[in-house]
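Worksheet for the structure shown next.
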Amino acid sequence: MKHLLCAAVAAIATLTTPAVQAQGYPEKPVTIVVPFAAGGPTDKVARDLGDVLRRELKQTVIIENVGGAGGTLGAAKVAKANPDGYTLLLHHIGMATSPALYRKLPFKTLDDFEYLGMVNEVPMTLIGKATLPANNFAELRKWIEANKGQINLANAGLGAASHLCGLLFQQAMGVDMTTVPYKGTAPAMTDLLGGQVDLMCDQTTNTTQQIEAGKVKAFAVTTAKRLTTPALSKLPTLDESGLKGFNVSIWHGLYAPKGTPKAVQDKINAALRAALKDPELIKRQEALGAVVMTDARLGGAEHKKFVESEITKWGPAIKAAGVYAD
């Protein structure tokens, strides 16, 4: 009888532990893993968000950069982490493109994570080194035609937003360029500023300040409509510049390891929703051309549905380009 009683108590404790843990969550610092180098656009989004989440969660929020392999190393780390809500992932469109890019992906995008909600959408800009002879897209197009086989196009690594945008840009232009991958956006931008590479297509969160300072030349935005951000409002879209149908924006979402208690997920989602209403955060994001999420994709279920649709969208384009990584 004593053994049966102990077993029953143990069983009850096991069943109630997740609820008890969720009730006190968070009781220690929460780490948000950014699967790219510090200083890049995703890192900036994470740090801006982390500043507000600290207040909403009433706990320290640590940003940890785990770069490499186009964001898959950091994502894999979170997928394998303890599902207690203390290790989260902030990732961009790479969550949807990595299944097509990598033959041996160390995680299953739709099976190994809990989807906590989307954070924002970020337009991209086509920029070039300051010494390029072209001053607008029409002139750039002529320059590209005249220099086929000699143009260097920088990106932040296989599967990075800049790589994907550059891939579609080459396809739309019908021109192959020498792609130069870096370990993150920051080193890619450094070489663009130094004139070691010619062009890059990257998120407004990383390019706006350089454009405002006149350190790079900006030729177009990648969205269907022009942007309203003061520094970018005069830039034409690639669609209106002749690349019909060109429309690329980068989004960011928040994830937890599969099996994270629902109550913990709900607390994180509530904190995320509150954070994205913060006027200062909205102001910071808008200044960089980004738009914080306000629609149904703020919820985990719609977030996951959207990622599924993005996998369907990007898979064929990547496979058609024949770009793979082991």
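Ordering of the structure tokens sets the chain letters (A, B, ...); residue numbers start at 1 within each chain; ligands are numbered from 1 in the order shown.
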Region 154-240 of chain A residues near region 138-141 of chain A within 12 Å, closest pair each, using only C-alpha atoms, as CSV:
```
residue,atom,partner,partner_atom,distance
A:Phe169,CA,A:Arg141,CA,11.5
A:Gln170,CA,A:Arg141,CA,11.5
A:Ala172,CA,A:Arg141,CA,11.6
A:Met173,CA,A:Arg141,CA,8.5
A:Gly174,CA,A:Arg141,CA,11.2
A:Val175,CA,A:Arg141,CA,10.4
A:Asp198,CA,A:Leu140,CA,11.0
A:Leu199,CA,A:Leu140,CA,10.3
A:Lys217,CA,A:Leu140,CA,10.4
A:Ala218,CA,A:Leu140,CA,10.4
A:Phe219,CA,A:Leu140,CA,7.8
A:Ala220,CA,A:Ala138,CA,10.4
A:Pro236,CA,A:Ala138,CA,10.8
A:Leu238,CA,A:Ala138,CA,10.5
A:Glu240,CA,A:Ala138,CA,11.1
```
Output file for the residues above (N, CA and C atoms, as a CSV table (one decimal), in the first residue's frame):
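Result file follows (selection-v6.csv):
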```
chain,number,residue,atom,x,y,z
A,169,PHE,N,17.3,38.3,-57.5
A,169,PHE,CA,17.7,39.5,-58.3
A,169,PHE,C,18.4,39.0,-59.5
A,170,GLN,N,19.4,38.1,-59.4
A,170,GLN,CA,20.1,37.5,-60.5
A,170,GLN,C,19.1,36.8,-61.5
A,172,ALA,N,16.0,37.5,-61.9
A,172,ALA,CA,15.1,38.5,-62.6
A,172,ALA,C,15.9,39.2,-63.7
A,173,MET,N,17.2,39.5,-63.4
A,173,MET,CA,18.0,40.2,-64.3
A,173,MET,C,18.5,39.3,-65.5
A,174,GLY,N,18.5,38.0,-65.2
A,174,GLY,CA,19.1,37.1,-66.2
A,174,GLY,C,20.6,37.2,-66.3
A,175,VAL,N,21.2,37.5,-65.2
A,175,VAL,CA,22.7,37.7,-65.2
A,175,VAL,C,23.2,36.9,-64.0
A,198,ASP,N,30.8,44.7,-55.0
A,198,ASP,CA,30.0,45.8,-55.7
A,198,ASP,C,28.6,46.0,-55.2
A,199,LEU,N,27.9,44.9,-55.0
A,199,LEU,CA,26.5,45.1,-54.7
A,199,LEU,C,26.0,44.2,-53.5
A,217,LYS,N,25.5,53.5,-52.2
A,217,LYS,CA,24.5,54.0,-53.2
A,217,LYS,C,23.2,53.1,-53.1
A,218,ALA,N,22.1,53.7,-53.0
A,218,ALA,CA,20.8,52.9,-53.0
A,218,ALA,C,20.1,53.0,-54.3
A,219,PHE,N,19.7,51.9,-54.9
A,219,PHE,CA,19.1,51.9,-56.2
A,219,PHE,C,17.6,51.5,-56.2
A,220,ALA,N,17.1,50.7,-55.3
A,220,ALA,CA,15.7,50.3,-55.3
A,220,ALA,C,15.3,49.6,-54.0
A,236,PRO,N,12.7,53.9,-56.0
A,236,PRO,CA,11.7,53.2,-56.7
A,236,PRO,C,11.7,51.7,-56.3
A,238,LEU,N,11.8,47.7,-57.4
A,238,LEU,CA,12.4,46.9,-58.5
A,238,LEU,C,11.3,46.6,-59.6
A,240,GLU,N,8.7,48.5,-60.4
A,240,GLU,CA,8.4,49.7,-61.3
A,240,GLU,C,9.7,50.0,-62.2
```
Run DSSP on the backbone and tell me which residues of region 54-121 of chain A come out as strand (DSSP E); list them as a PyMOL selection string. chain A and resi 61-65+87-91+113-121
Could you pull the residues within 12 Å of Gln196 (chain A), counting only C-alpha atoms, minus those fewer than 2 positions along the same chain, as number ranges by chain? A: 128-132, 151-154, 180, 187-194, 198-200
Dump of C-alpha atoms for the selected residues, as a PDB file, in the first residue's frame:
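Saved as result-v8.pdb:
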```
ATOM      1  CA  GLY A 128      26.099  49.256 -54.074  1.00  0.00           C
ATOM      2  CA  LYS A 129      29.524  50.557 -53.149  1.00  0.00           C
ATOM      3  CA  ALA A 130      29.864  54.333 -53.170  1.00  0.00           C
ATOM      4  CA  THR A 131      32.296  54.335 -56.100  1.00  0.00           C
ATOM      5  CA  LEU A 132      29.943  52.640 -58.568  1.00  0.00           C
ATOM      6  CA  ILE A 151      30.363  41.757 -60.713  1.00  0.00           C
ATOM      7  CA  ASN A 152      30.644  40.705 -57.076  1.00  0.00           C
ATOM      8  CA  LEU A 153      27.424  40.333 -55.082  1.00  0.00           C
ATOM      9  CA  ALA A 154      27.880  40.081 -51.312  1.00  0.00           C
ATOM     10  CA  VAL A 180      30.607  36.347 -52.087  1.00  0.00           C
ATOM     11  CA  PRO A 187      31.394  41.716 -42.351  1.00  0.00           C
ATOM     12  CA  ALA A 188      29.596  41.788 -45.726  1.00  0.00           C
ATOM     13  CA  MET A 189      28.661  45.421 -45.173  1.00  0.00           C
ATOM     14  CA  THR A 190      32.220  46.236 -44.084  1.00  0.00           C
ATOM     15  CA  ASP A 191      33.596  44.996 -47.400  1.00  0.00           C
ATOM     16  CA  LEU A 192      30.878  46.794 -49.362  1.00  0.00           C
ATOM     17  CA  LEU A 193      31.779  50.036 -47.591  1.00  0.00           C
ATOM     18  CA  GLY A 194      35.430  49.352 -48.362  1.00  0.00           C
ATOM     19  CA  ASP A 198      30.047  45.751 -55.732  1.00  0.00           C
ATOM     20  CA  LEU A 199      26.464  45.060 -54.691  1.00  0.00           C
ATOM     21  CA  MET A 200      24.309  43.673 -51.902  1.00  0.00           C
TER      22      MET A 200
END
```
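Each of A:Ile250, A:Val221, A:Val30, A:Leu88 was checked against Leu116 (chain A) using only C-alpha atoms; the smallest atom-to-atom distance is that of A:Leu88.
Nearest residue to Leu168 (chain A) among A:Val323, A:Lys283, A:Ala256, A:Ala134 is A:Val323, counting only C-alpha atoms.
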Near-region 33-42 of chain A list (9 Å; only C-alpha atoms; drop same-chain fewer than 4 positions) as a PyMOL selection string: chain A and resi 46-47+62-75+77-78+87-92+156+160+183-186+202-207+252
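Considering only C-alpha atoms, the residue among A:Thr222, A:Gln209, A:Thr229, A:Thr260 positioned nearest to Lys244 (chain A) is A:Thr222.
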Select, from A:Gly245, A:Gly214, A:Val307, A:Ala161, the residue with the minimum atom-to-atom distance to Val122 (chain A), counting only C-alpha atoms. A:Ala161
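Nearest residue to Gln285 (chain A) among A:Gly322, A:Gly253, A:Pro123, A:Gly299 is A:Pro123, counting only C-alpha atoms.
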Residues within 10 Å of Ala231 (chain A), please, as a ChimeraX atom specification. Count only C-alpha atoms; anything in the same chain fewer than 5 positions from it doesn't count. /A:208-209,211-213,287-289
I want to know what sits within 9 Å of Thr60 (chain A), based on only C-alpha atoms, with residues of the same chain fewer than 4 positions away left out; could you give that as a PDB file with C-alpha atoms, in the first residue's frame?
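The file below, part01.pdb, is the result:
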```pdb
ATOM      1  CA  LYS A  28      15.422  33.025 -14.228  1.00  0.00           C
ATOM      2  CA  PRO A  29      16.912  34.826 -17.257  1.00  0.00           C
ATOM      3  CA  VAL A  30      15.443  34.006 -20.665  1.00  0.00           C
ATOM      4  CA  THR A  31      17.861  33.553 -23.561  1.00  0.00           C
ATOM      5  CA  GLY A  50      14.618  42.027 -25.889  1.00  0.00           C
ATOM      6  CA  LEU A  53      10.445  41.913 -23.244  1.00  0.00           C
ATOM      7  CA  ARG A  54      12.584  42.435 -20.138  1.00  0.00           C
ATOM      8  CA  ARG A  55       9.919  44.754 -18.847  1.00  0.00           C
TER       9      ARG A  55
END
```
Given the choices A:Met293, A:Leu105, A:Met177, A:Leu235, which gets closest to Asn147 (chain A) if the distance is worked out from only C-alpha atoms? A:Met177
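The space between CA of Thr109 (chain A) and CA of Val52 (chain A) spans 27.0 Å.
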Could you give me, as a PyMOL selection string, each residue of region 81-285 of chain A that DSSP assigns to helix (DSSP H, G or I) when run on this structure's backbone? chain A and resi 94-101+137-146+161-173+185-193+204-212+262-275+279-285
Could you make a table, as JSON lines, of the residues of region 94-162 of chain A that have an atom within 12 Å of an atom of region 276-281 of chain A, each with its nearest atom pair and distance in Å to one decimal, counting only C-alpha atoms, in chain and number order?
```
{"residue": "A:Gly117", "atom": "CA", "partner": "A:Leu276", "partner_atom": "CA", "distance": 11.0}
{"residue": "A:Met118", "atom": "CA", "partner": "A:Leu276", "partner_atom": "CA", "distance": 10.1}
{"residue": "A:Val119", "atom": "CA", "partner": "A:Leu276", "partner_atom": "CA", "distance": 7.5}
{"residue": "A:Asn120", "atom": "CA", "partner": "A:Leu276", "partner_atom": "CA", "distance": 8.9}
```
Keeping only N, CA and C atoms, write the selected residues as a PDB file, in the first residue's frame.
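This went into part_18.pdb:
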```pdb
ATOM      1  N   GLY A 117       4.739  33.326 -32.446  1.00  0.00           N
ATOM      2  CA  GLY A 117       4.192  34.536 -33.045  1.00  0.00           C
ATOM      3  C   GLY A 117       5.234  35.272 -33.864  1.00  0.00           C
ATOM      4  N   MET A 118       4.776  35.985 -34.878  1.00  0.00           N
ATOM      5  CA  MET A 118       5.681  36.766 -35.718  1.00  0.00           C
ATOM      6  C   MET A 118       5.931  38.136 -35.118  1.00  0.00           C
ATOM      7  N   VAL A 119       7.086  38.685 -35.426  1.00  0.00           N
ATOM      8  CA  VAL A 119       7.523  39.947 -34.825  1.00  0.00           C
ATOM      9  C   VAL A 119       7.356  41.124 -35.776  1.00  0.00           C
ATOM     10  N   ASN A 120       7.853  40.980 -37.001  1.00  0.00           N
ATOM     11  CA  ASN A 120       7.785  42.095 -37.946  1.00  0.00           C
ATOM     12  C   ASN A 120       7.965  41.620 -39.378  1.00  0.00           C
TER      13      ASN A 120
END
```
Please report the interatomic distance between CA of Arg284 (chain A) and CA of Ser249 (chain A) in Å with one decimal. 18.0 Å
With only C-alpha atoms as the counted atoms, please give the residues lying no more than 6 Å from Thr223 (chain A), apart from itself and same-chain residues fewer than 2 positions off, as an NGL selection string. :A and (221 or 225 or 247-248)
